[in-house]
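To keep things clear, I will list the structure first and then write my remarks on it.
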Amino acid sequence: MPIQRQHTNARMSQIVVHNGTVYLAGQVGDDMSAGVEQQTREVLASIERLLGEAGTDTSRILSVTIYLKNIESDFAAMNAVWDAWLPEGTAPARATVAATLCEPEILVEMSVIAALP
């Protein structure tokens, strides 16, 4: 089965599909001046859009890794947005870690693995 790559540049692909599985690159928000709640909403919107382009949706997310710049202060706020967004009964395997992200303004980044229908 071939590997499909979308939104590819020299360093990475935003979407990789192989053998019925969709892998998304780490997603960050658009407005780096926003707080963690808004950045989380933007990340989740990006995840929805990319999963749709790949032919799947949020109900088929298998695993998420969440990277937080300030885990002590932002974990609850990020979770409030996450909990409101996640379809009931579809909680994926998940890890949340404190991380130094590639830009100091980025407060949250998420990497997703999902199944195709």
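Ligands are numbered from 1 in the order shown, residues from 1 within each chain, and chains are lettered A, B, ... in the order they appear in the structure tokens.
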
Which residues, written as a PyMOL selection string, have at least one atom at most 12 Å from Gln27 of chain A, with only C-alpha atoms counted and residues fewer than 4 positions away on the same chain left out? chain A and resi 13-15+23+39-51+64-67+101-102+106-112

Output for the residues just chosen: N, CA and C atoms as a JSON list (two decimals), in the first residue's frame:
```json
[["chain", "number", "residue", "atom", "x", "y", "z"],
["A", 13, "SER", "N", 5.49, 16.69, 6.28],
["A", 13, "SER", "CA", 4.16, 16.65, 5.69],
["A", 13, "SER", "C", 3.15, 16.89, 6.81],
["A", 14, "GLN", "N", 2.13, 17.68, 6.51],
["A", 14, "GLN", "CA", 1.08, 17.90, 7.50],
["A", 14, "GLN", "C", 0.21, 16.66, 7.70],
["A", 15, "ILE", "N", 0.03, 15.89, 6.61],
["A", 15, "ILE", "CA", -0.78, 14.67, 6.65],
["A", 15, "ILE", "C", 0.01, 13.55, 5.99],
["A", 23, "TYR", "N", -1.75, 10.16, 10.01],
["A", 23, "TYR", "CA", -0.82, 10.78, 10.95],
["A", 23, "TYR", "C", -0.78, 12.27, 10.65],
["A", 39, "GLN", "N", -5.63, 29.44, 21.49],
["A", 39, "GLN", "CA", -4.69, 28.62, 20.72],
["A", 39, "GLN", "C", -5.19, 27.17, 20.64],
["A", 40, "THR", "N", -5.75, 26.65, 21.73],
["A", 40, "THR", "CA", -6.28, 25.28, 21.71],
["A", 40, "THR", "C", -7.43, 25.17, 20.72],
["A", 41, "ARG", "N", -8.34, 26.13, 20.72],
["A", 41, "ARG", "CA", -9.45, 26.11, 19.75],
["A", 41, "ARG", "C", -8.93, 26.12, 18.32],
["A", 42, "GLU", "N", -7.92, 26.92, 18.06],
["A", 42, "GLU", "CA", -7.35, 26.99, 16.71],
["A", 42, "GLU", "C", -6.67, 25.67, 16.33],
["A", 43, "VAL", "N", -5.96, 25.07, 17.25],
["A", 43, "VAL", "CA", -5.32, 23.77, 17.00],
["A", 43, "VAL", "C", -6.39, 22.73, 16.67],
["A", 44, "LEU", "N", -7.45, 22.68, 17.45],
["A", 44, "LEU", "CA", -8.50, 21.69, 17.23],
["A", 44, "LEU", "C", -9.21, 21.92, 15.89],
["A", 45, "ALA", "N", -9.40, 23.17, 15.50],
["A", 45, "ALA", "CA", -9.99, 23.46, 14.19],
["A", 45, "ALA", "C", -9.07, 22.98, 13.08],
["A", 46, "SER", "N", -7.78, 23.16, 13.24],
["A", 46, "SER", "CA", -6.82, 22.68, 12.25],
["A", 46, "SER", "C", -6.85, 21.16, 12.15],
["A", 47, "ILE", "N", -6.93, 20.50, 13.30],
["A", 47, "ILE", "CA", -7.02, 19.04, 13.31],
["A", 47, "ILE", "C", -8.27, 18.58, 12.58],
["A", 48, "GLU", "N", -9.40, 19.20, 12.85],
["A", 48, "GLU", "CA", -10.65, 18.84, 12.16],
["A", 48, "GLU", "C", -10.50, 18.99, 10.66],
["A", 49, "ARG", "N", -9.94, 20.13, 10.23],
["A", 49, "ARG", "CA", -9.78, 20.39, 8.79],
["A", 49, "ARG", "C", -8.87, 19.35, 8.14],
["A", 50, "LEU", "N", -7.72, 19.07, 8.75],
["A", 50, "LEU", "CA", -6.79, 18.12, 8.16],
["A", 50, "LEU", "C", -7.34, 16.70, 8.15],
["A", 51, "LEU", "N", -8.02, 16.31, 9.21],
["A", 51, "LEU", "CA", -8.64, 14.97, 9.22],
["A", 51, "LEU", "C", -9.68, 14.87, 8.10],
["A", 64, "VAL", "N", -3.54, 11.02, 20.71],
["A", 64, "VAL", "CA", -3.14, 12.42, 20.65],
["A", 64, "VAL", "C", -2.01, 12.63, 21.66],
["A", 65, "THR", "N", -0.99, 13.36, 21.22],
["A", 65, "THR", "CA", 0.03, 13.83, 22.14],
["A", 65, "THR", "C", -0.10, 15.34, 22.18],
["A", 66, "ILE", "N", -0.26, 15.86, 23.40],
["A", 66, "ILE", "CA", -0.43, 17.30, 23.61],
["A", 66, "ILE", "C", 0.82, 17.83, 24.31],
["A", 67, "TYR", "N", 1.36, 18.87, 23.73],
["A", 67, "TYR", "CA", 2.54, 19.53, 24.28],
["A", 67, "TYR", "C", 2.12, 20.90, 24.81],
["A", 101, "LEU", "N", 8.56, 24.57, 23.13],
["A", 101, "LEU", "CA", 8.10, 24.50, 21.75],
["A", 101, "LEU", "C", 8.98, 25.36, 20.84],
["A", 102, "CYS", "N", 8.79, 25.21, 19.54],
["A", 102, "CYS", "CA", 9.72, 25.82, 18.58],
["A", 102, "CYS", "C", 9.68, 27.35, 18.54],
["A", 106, "ILE", "N", 4.19, 29.99, 21.22],
["A", 106, "ILE", "CA", 3.32, 28.81, 21.10],
["A", 106, "ILE", "C", 3.11, 28.23, 22.49],
["A", 107, "LEU", "N", 1.84, 28.12, 22.87],
["A", 107, "LEU", "CA", 1.50, 27.60, 24.19],
["A", 107, "LEU", "C", 1.05, 26.14, 24.15],
["A", 108, "VAL", "N", 0.54, 25.68, 22.99],
["A", 108, "VAL", "CA", 0.03, 24.32, 22.88],
["A", 108, "VAL", "C", 0.26, 23.81, 21.46],
["A", 109, "GLU", "N", 0.62, 22.53, 21.37],
["A", 109, "GLU", "CA", 0.79, 21.85, 20.09],
["A", 109, "GLU", "C", 0.23, 20.44, 20.26],
["A", 110, "MET", "N", -0.43, 19.94, 19.22],
["A", 110, "MET", "CA", -1.00, 18.59, 19.29],
["A", 110, "MET", "C", -0.63, 17.80, 18.05],
["A", 111, "SER", "N", -0.28, 16.53, 18.28],
["A", 111, "SER", "CA", 0.01, 15.58, 17.21],
["A", 111, "SER", "C", -1.02, 14.46, 17.30],
["A", 112, "VAL", "N", -1.60, 14.08, 16.16],
["A", 112, "VAL", "CA", -2.75, 13.18, 16.13],
["A", 112, "VAL", "C", -2.49, 11.98, 15.22]]
```

Can you list, as a PyMOL selection string, every residue of chain A that DSSP puts in alpha helix (DSSP H)? chain A and resi 36-54+71-85

Pro117 of chain A surroundings by only C-alpha atoms, 12 Å radius, close-in-sequence under 2 positions cut, as number ranges by chain: A: 19-22, 51-52, 54-61, 114-115

For the residues selected in the previous step, produce a file with C-alpha atoms as a tab-separated table (two decimals), in the first residue's frame.
```
chain	number	residue	atom	x	y	z
A	19	ASN	CA	-2.40	1.38	5.69
A	20	GLY	CA	-5.69	2.90	6.91
A	21	THR	CA	-4.03	5.24	9.41
A	22	VAL	CA	-3.76	9.03	9.27
A	51	LEU	CA	-8.64	14.97	9.22
A	52	GLY	CA	-11.42	15.94	6.80
A	54	ALA	CA	-7.51	12.93	4.79
A	55	GLY	CA	-10.98	11.38	4.63
A	56	THR	CA	-11.72	10.86	8.33
A	57	ASP	CA	-13.00	12.82	11.33
A	58	THR	CA	-12.56	13.44	15.04
A	59	SER	CA	-14.61	10.39	16.05
A	60	ARG	CA	-11.84	8.19	14.61
A	61	ILE	CA	-8.89	9.70	16.52
A	114	ALA	CA	-6.49	8.62	13.43
A	115	ALA	CA	-8.10	5.74	11.58
```

Work out how far apart atom CA of Leu116 of chain A and atom CA of Asn9 of chain A are and give it in Å to one decimal.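 Atom-to-atom, atom CA of Leu116 of chain A to atom CA of Asn9 of chain A, that is 23.5 Å.
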
Can you work out which one of A:Leu68, A:Ala80, A:Val36, A:Val17 has the shortest atom-to-atom distance to Thr100 of chain A, counting only C-alpha atoms? A:Leu68

Using only C-alpha atoms for the distances, tell me which of A:Pro92, A:Glu37, A:Glu103, A:Ser63 is nearest to Ala76 of chain A.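 Among the listed residues, A:Glu37 lies closest to Ala76 of chain A.
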
Could you tell me how far atom CA of Trp85 of chain A sits from atom CA of Leu62 of chain A, in Å to one decimal place?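 Atom CA of Leu62 of chain A sits 15.5 Å away from atom CA of Trp85 of chain A.
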
Which residue is closest to Ser73 of chain A? Choose from A:Ala91, A:Leu86, A:Gly35, A:Ala10 and count only C-alpha atoms. A:Gly35

Distance criterion (only C-alpha atoms): nearest to Glu53 of chain A out of A:Met1, A:Val97, A:Leu24, A:Ala34: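 Result for the nearest residue to Glu53 of chain A: A:Leu24.
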
For atom CA of Val16 of chain A and atom CA of Val28 of chain A, the interatomic separation in Å (one decimal):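 These two atoms are separated by 17.3 Å.
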